[in-house]
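Here is the structure we will look at.
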Amino acid sequence: MSRRGTSIVPSLRLSRSICLVGSGRLGFELSDPYDCHVYALDCGSSTLLVDAGCGRAPERVAELMAGDGLDPGAVEQIVLTHAHADHIGGAEALARKLGAEVWAPAPSAATIERGDEVATGLAEARERGVYPADYRLAACRVDRRLEPGRAKAGGVALTVLATPGHAPDHLALVVDVDGVRAAFCADLVFARGRVVLAGLAAADDAACARSIRALAELEPDVLLPGHGEVVMQRAGEHLATALQAFDAGRRPPSLI
Ligand SMILES: [Zn+2]
């Protein structure tokens, strides 16, 4: 048995092609406590990461991949879902370490390239104690400005869906893989129809409801949010729970 703190923990394999390779305290505590979920999607000839974590321990993502026999060197794209620090802060270090491109929502590409702590909401969130006082956002070059529509990574076709609500620039990725339809929905909606809208200056409840409805129309089986539990089947029931609350004029319960 290895000494405590020195063991290599493998990533969490969710399906043949999808692994969770980073996760913070609002999840599975695989990497830095402030990290969002970071997913690795095997695209055949290459690997794609969804989101990058906050950047306080970017080396953990590569360690977690290696611990599960995944090749960090196969990562060709890091797709950022929206410009919040817990999702984008690790992008620059990870892209450099892995030799990967960074794809980001077109509307926030300039914000990400400046490492803009005001536009991302980090400055205000740090004031409120959401992030440590010494945490800083690393600027990151964006190689591809993602627009809604279709994109291709390796041998896998991605549907890129504009999903404003939690954040105006928010994108979700939908992919048919391993015999199911999986939705990487980041912070749009979480398991059991939870949301994160409170305390965010740019959040928009009506847009959130429309975005969840648009995602539900694609009939995903698997829901892979940016925090909390993952949903490996019957994703539509979790989306319907959120929509029922919106339809009744209520904001769904918050994840946090
Ligand atoms: Zn967010």
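Chain labels follow the order of the structure tokens: the first chain is A, the next B, and so on; residue numbering restarts at 1 in every chain, and ligands are counted from 1 in their shown order.
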Region 143-206 of chain A near region 214-219 of chain A within 9 Å: what's each residue's closest atom pair and its distance in Å to one decimal, counting only C-alpha atoms, ordered by chain then ascending residue number, as a tab-separated table?
```
residue	atom	partner	partner_atom	distance
A:Leu161	CA	A:Leu215	CA	7.7
A:Thr163	CA	A:Leu215	CA	8.0
A:Ala172	CA	A:Leu215	CA	8.3
A:Val174	CA	A:Leu218	CA	8.3
A:Arg181	CA	A:Glu219	CA	7.6
A:Ala183	CA	A:Leu215	CA	8.1
A:Cys185	CA	A:Leu215	CA	8.6
```
(Q) If the limit is 9 Å from any atom of ligand 1, counting only C-alpha atoms and all ligand atoms, which residues qualify? Return them as a count of residues only. (A) 16
Q | Residues within 12 Å of Val9 (chain A), only C-alpha atoms, excluding chain neighbours under 4 positions, as a PyMOL selection string | A | chain A and resi 2+4-5+13+20-22+28-31+60-69
Q: Could you jot down the CA of Asp71 (chain A) to CA of Asp221 (chain A) separation for me, Å, one decimal place?
A: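 Going from CA of Asp71 (chain A) over to CA of Asp221 (chain A), I get 27.2 Å.
With only C-alpha atoms as the atoms that count, the minimum distance from Ala104 (chain A) to the choices A:Leu171, A:Ala153, A:Ala123, A:Leu200 is reached by A:Leu171.
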**Q.** Interatomic distance (Å, one decimal) between CA of Asp51 (chain A) and CA of Glu237 (chain A)
**A.** 24.9 Å
Q | Computed interatomic separation between CA of Val75 (chain A) and CA of Leu48 (chain A) (Å) | A |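 A separation of 5.5 Å between them.
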(Q) When DSSP is applied to the backbone of this structure, which of region 38-175 of chain A are assigned strand (DSSP E or B)? Write them out as a VMD selection string. (A) chain A and resid 38 to 42 47 to 50 75 to 79 101 to 105 144 to 146 149 to 153 156 to 162 171 to 175
Restricted to N, CA and C atoms, what would the selected residues look like written as an mmCIF file, in the first residue's frame?
```cif
data_model
loop_
_atom_site.group_PDB
_atom_site.id
_atom_site.type_symbol
_atom_site.label_atom_id
_atom_site.label_comp_id
_atom_site.auth_asym_id
_atom_site.auth_seq_id
_atom_site.Cartn_x
_atom_site.Cartn_y
_atom_site.Cartn_z
ATOM 1 N N VAL A 38 -13.898 17.835 -15.167
ATOM 2 C CA VAL A 38 -13.173 17.828 -16.444
ATOM 3 C C VAL A 38 -13.376 16.436 -17.037
ATOM 4 N N TYR A 39 -13.958 16.395 -18.228
ATOM 5 C CA TYR A 39 -14.241 15.113 -18.882
ATOM 6 C C TYR A 39 -13.256 14.874 -20.010
ATOM 7 N N ALA A 40 -12.857 13.611 -20.174
ATOM 8 C CA ALA A 40 -12.095 13.196 -21.346
ATOM 9 C C ALA A 40 -13.018 12.354 -22.220
ATOM 10 N N LEU A 41 -13.088 12.724 -23.501
ATOM 11 C CA LEU A 41 -13.889 11.979 -24.472
ATOM 12 C C LEU A 41 -12.955 11.370 -25.505
ATOM 13 N N ASP A 42 -12.955 10.052 -25.575
ATOM 14 C CA ASP A 42 -12.138 9.343 -26.565
ATOM 15 C C ASP A 42 -12.788 9.503 -27.935
ATOM 16 N N THR A 47 -8.124 12.497 -28.290
ATOM 17 C CA THR A 47 -8.971 12.688 -27.101
ATOM 18 C C THR A 47 -9.314 14.165 -26.972
ATOM 19 N N LEU A 48 -10.523 14.413 -26.527
ATOM 20 C CA LEU A 48 -10.992 15.789 -26.313
ATOM 21 C C LEU A 48 -11.287 15.951 -24.825
ATOM 22 N N LEU A 49 -10.901 17.076 -24.250
ATOM 23 C CA LEU A 49 -11.284 17.387 -22.877
ATOM 24 C C LEU A 49 -12.409 18.409 -22.904
ATOM 25 N N VAL A 50 -13.387 18.216 -22.037
ATOM 26 C CA VAL A 50 -14.431 19.214 -21.845
ATOM 27 C C VAL A 50 -14.116 19.951 -20.547
ATOM 28 N N VAL A 75 -4.518 14.104 -26.148
ATOM 29 C CA VAL A 75 -5.499 15.195 -26.080
ATOM 30 C C VAL A 75 -5.171 16.232 -27.150
ATOM 31 N N GLU A 76 -6.099 16.450 -28.059
ATOM 32 C CA GLU A 76 -5.880 17.424 -29.137
ATOM 33 C C GLU A 76 -6.702 18.689 -28.959
ATOM 34 N N GLN A 77 -7.835 18.580 -28.240
ATOM 35 C CA GLN A 77 -8.670 19.769 -28.027
ATOM 36 C C GLN A 77 -9.110 19.853 -26.566
ATOM 37 N N ILE A 78 -9.128 21.080 -26.066
ATOM 38 C CA ILE A 78 -9.768 21.375 -24.778
ATOM 39 C C ILE A 78 -10.923 22.324 -25.113
ATOM 40 N N VAL A 79 -12.150 21.840 -24.908
ATOM 41 C CA VAL A 79 -13.325 22.646 -25.249
ATOM 42 C C VAL A 79 -13.845 23.301 -23.966
ATOM 43 N N GLU A 101 -5.123 22.160 -28.576
ATOM 44 C CA GLU A 101 -5.792 23.410 -28.935
ATOM 45 C C GLU A 101 -6.859 23.739 -27.898
ATOM 46 N N VAL A 102 -7.168 25.013 -27.778
ATOM 47 C CA VAL A 102 -8.268 25.454 -26.911
ATOM 48 C C VAL A 102 -9.397 25.975 -27.802
ATOM 49 N N TRP A 103 -10.577 25.378 -27.627
ATOM 50 C CA TRP A 103 -11.787 25.836 -28.316
ATOM 51 C C TRP A 103 -12.681 26.482 -27.261
ATOM 52 N N ALA A 104 -13.214 27.652 -27.581
ATOM 53 C CA ALA A 104 -14.016 28.379 -26.588
ATOM 54 C C ALA A 104 -15.200 29.049 -27.267
ATOM 55 N N PRO A 105 -16.258 29.351 -26.498
ATOM 56 C CA PRO A 105 -17.401 30.054 -27.088
ATOM 57 C C PRO A 105 -16.937 31.365 -27.731
ATOM 58 N N ARG A 144 -9.756 28.179 -31.484
ATOM 59 C CA ARG A 144 -10.964 28.118 -32.307
ATOM 60 C C ARG A 144 -12.126 28.736 -31.544
ATOM 61 N N ARG A 145 -12.781 29.683 -32.193
ATOM 62 C CA ARG A 145 -13.963 30.323 -31.616
ATOM 63 C C ARG A 145 -15.188 29.506 -32.023
ATOM 64 N N LEU A 146 -15.768 28.832 -31.037
ATOM 65 C CA LEU A 146 -16.860 27.894 -31.329
ATOM 66 C C LEU A 146 -18.185 28.621 -31.494
ATOM 67 N N GLY A 149 -23.720 24.787 -33.731
ATOM 68 C CA GLY A 149 -23.771 24.026 -34.982
ATOM 69 C C GLY A 149 -23.057 22.707 -34.819
ATOM 70 N N ARG A 150 -22.393 22.283 -35.865
ATOM 71 C CA ARG A 150 -21.691 21.004 -35.818
ATOM 72 C C ARG A 150 -20.187 21.255 -35.771
ATOM 73 N N ALA A 151 -19.479 20.373 -35.074
ATOM 74 C CA ALA A 151 -18.018 20.417 -35.049
ATOM 75 C C ALA A 151 -17.528 18.980 -35.074
ATOM 76 N N LYS A 152 -16.293 18.786 -35.442
ATOM 77 C CA LYS A 152 -15.745 17.437 -35.496
ATOM 78 C C LYS A 152 -14.448 17.395 -34.702
ATOM 79 N N ALA A 153 -14.298 16.345 -33.892
ATOM 80 C CA ALA A 153 -13.046 16.138 -33.151
ATOM 81 C C ALA A 153 -12.671 14.679 -33.333
ATOM 82 N N VAL A 156 -15.312 11.885 -34.148
ATOM 83 C CA VAL A 156 -16.593 12.084 -33.459
ATOM 84 C C VAL A 156 -17.226 13.410 -33.875
ATOM 85 N N ALA A 157 -18.524 13.352 -34.218
ATOM 86 C CA ALA A 157 -19.282 14.560 -34.560
ATOM 87 C C ALA A 157 -19.903 15.133 -33.288
ATOM 88 N N LEU A 158 -19.717 16.420 -33.099
ATOM 89 C CA LEU A 158 -20.249 17.099 -31.919
ATOM 90 C C LEU A 158 -21.358 18.051 -32.349
ATOM 91 N N THR A 159 -22.448 18.066 -31.601
ATOM 92 C CA THR A 159 -23.435 19.124 -31.765
ATOM 93 C C THR A 159 -23.150 20.176 -30.711
ATOM 94 N N VAL A 160 -22.906 21.388 -31.166
ATOM 95 C CA VAL A 160 -22.607 22.501 -30.259
ATOM 96 C C VAL A 160 -23.883 23.321 -30.133
ATOM 97 N N LEU A 161 -24.418 23.368 -28.913
ATOM 98 C CA LEU A 161 -25.713 24.004 -28.672
ATOM 99 C C LEU A 161 -25.504 25.262 -27.823
ATOM 100 N N ALA A 162 -26.018 26.392 -28.309
ATOM 101 C CA ALA A 162 -25.989 27.608 -27.487
ATOM 102 C C ALA A 162 -26.971 27.424 -26.333
ATOM 103 N N LEU A 171 -22.168 27.128 -23.739
ATOM 104 C CA LEU A 171 -22.397 26.115 -24.767
ATOM 105 C C LEU A 171 -22.533 24.746 -24.116
ATOM 106 N N ALA A 172 -23.355 23.894 -24.700
ATOM 107 C CA ALA A 172 -23.385 22.477 -24.338
ATOM 108 C C ALA A 172 -22.937 21.676 -25.555
ATOM 109 N N LEU A 173 -22.345 20.518 -25.303
ATOM 110 C CA LEU A 173 -21.922 19.622 -26.379
ATOM 111 C C LEU A 173 -22.752 18.353 -26.289
ATOM 112 N N VAL A 174 -23.262 17.913 -27.416
ATOM 113 C CA VAL A 174 -24.037 16.675 -27.460
ATOM 114 C C VAL A 174 -23.358 15.739 -28.444
ATOM 115 N N VAL A 175 -23.183 14.489 -28.017
ATOM 116 C CA VAL A 175 -22.431 13.541 -28.834
ATOM 117 C C VAL A 175 -23.063 12.152 -28.720
#
```
Q | Closest of A:Val142, A:Leu224, A:Ala235, A:Val230 to Gly115 (chain A) - atom-to-atom distances counting only C-alpha atoms | A | A:Val142
(Q) According to DSSP computed on the backbone, where in region 23-176 of chain A is there alpha helix (DSSP H)? Give the residues as a ChimeraX atom specification. (A) /A:59-67,85-88,91-98,109-114,122-127
Q. Do you know which residues are at most 12 Å from region 117-122 of chain A counting only C-alpha atoms, after dropping those on the same chain fewer than 4 positions away, and could you put them as a ChimeraX atom specification?
A. /A:54,82-89,107-113,126-139,167-169,199-203
Write the selection just made, keeping C-alpha atoms, as an mmCIF file, in the first residue's frame?
```cif
data_model
loop_
_atom_site.group_PDB
_atom_site.id
_atom_site.type_symbol
_atom_site.label_atom_id
_atom_site.label_comp_id
_atom_site.auth_asym_id
_atom_site.auth_seq_id
_atom_site.Cartn_x
_atom_site.Cartn_y
_atom_site.Cartn_z
ATOM 1 C CA CYS A 54 -9.474 26.270 -12.267
ATOM 2 C CA HIS A 82 -18.261 29.087 -20.651
ATOM 3 C CA ALA A 83 -15.950 31.745 -19.253
ATOM 4 C CA HIS A 84 -16.084 31.007 -15.525
ATOM 5 C CA ALA A 85 -12.759 30.589 -13.746
ATOM 6 C CA ASP A 86 -13.441 27.081 -12.416
ATOM 7 C CA HIS A 87 -13.887 25.916 -16.035
ATOM 8 C CA ILE A 88 -11.267 27.962 -17.916
ATOM 9 C CA GLY A 89 -8.508 28.719 -15.386
ATOM 10 C CA PRO A 107 -18.595 35.525 -27.552
ATOM 11 C CA SER A 108 -16.118 35.101 -24.678
ATOM 12 C CA ALA A 109 -12.932 34.259 -26.593
ATOM 13 C CA ALA A 110 -11.527 37.768 -26.123
ATOM 14 C CA THR A 111 -12.331 37.644 -22.391
ATOM 15 C CA ILE A 112 -10.472 34.344 -22.073
ATOM 16 C CA GLU A 113 -7.505 35.628 -24.083
ATOM 17 C CA ARG A 126 -13.099 36.221 -5.042
ATOM 18 C CA GLU A 127 -14.342 39.197 -3.002
ATOM 19 C CA ARG A 128 -17.181 37.016 -1.735
ATOM 20 C CA GLY A 129 -14.739 34.275 -0.745
ATOM 21 C CA VAL A 130 -15.804 31.845 -3.482
ATOM 22 C CA TYR A 131 -12.138 31.603 -4.530
ATOM 23 C CA PRO A 132 -8.964 31.951 -2.415
ATOM 24 C CA ALA A 133 -7.624 35.521 -2.087
ATOM 25 C CA ASP A 134 -4.414 34.617 -3.917
ATOM 26 C CA TYR A 135 -6.105 32.898 -6.866
ATOM 27 C CA ARG A 136 -5.490 34.523 -10.254
ATOM 28 C CA LEU A 137 -6.928 33.726 -13.685
ATOM 29 C CA ALA A 138 -4.377 32.765 -16.348
ATOM 30 C CA ALA A 139 -4.930 34.276 -19.786
ATOM 31 C CA ALA A 167 -23.912 32.426 -18.354
ATOM 32 C CA PRO A 168 -24.660 34.278 -21.621
ATOM 33 C CA ASP A 169 -21.889 32.555 -23.595
ATOM 34 C CA GLY A 199 -25.674 35.410 -7.256
ATOM 35 C CA LEU A 200 -24.593 35.581 -10.898
ATOM 36 C CA ALA A 201 -25.001 39.058 -12.386
ATOM 37 C CA ALA A 202 -25.324 37.749 -15.947
ATOM 38 C CA ALA A 203 -27.665 34.826 -15.190
#
```
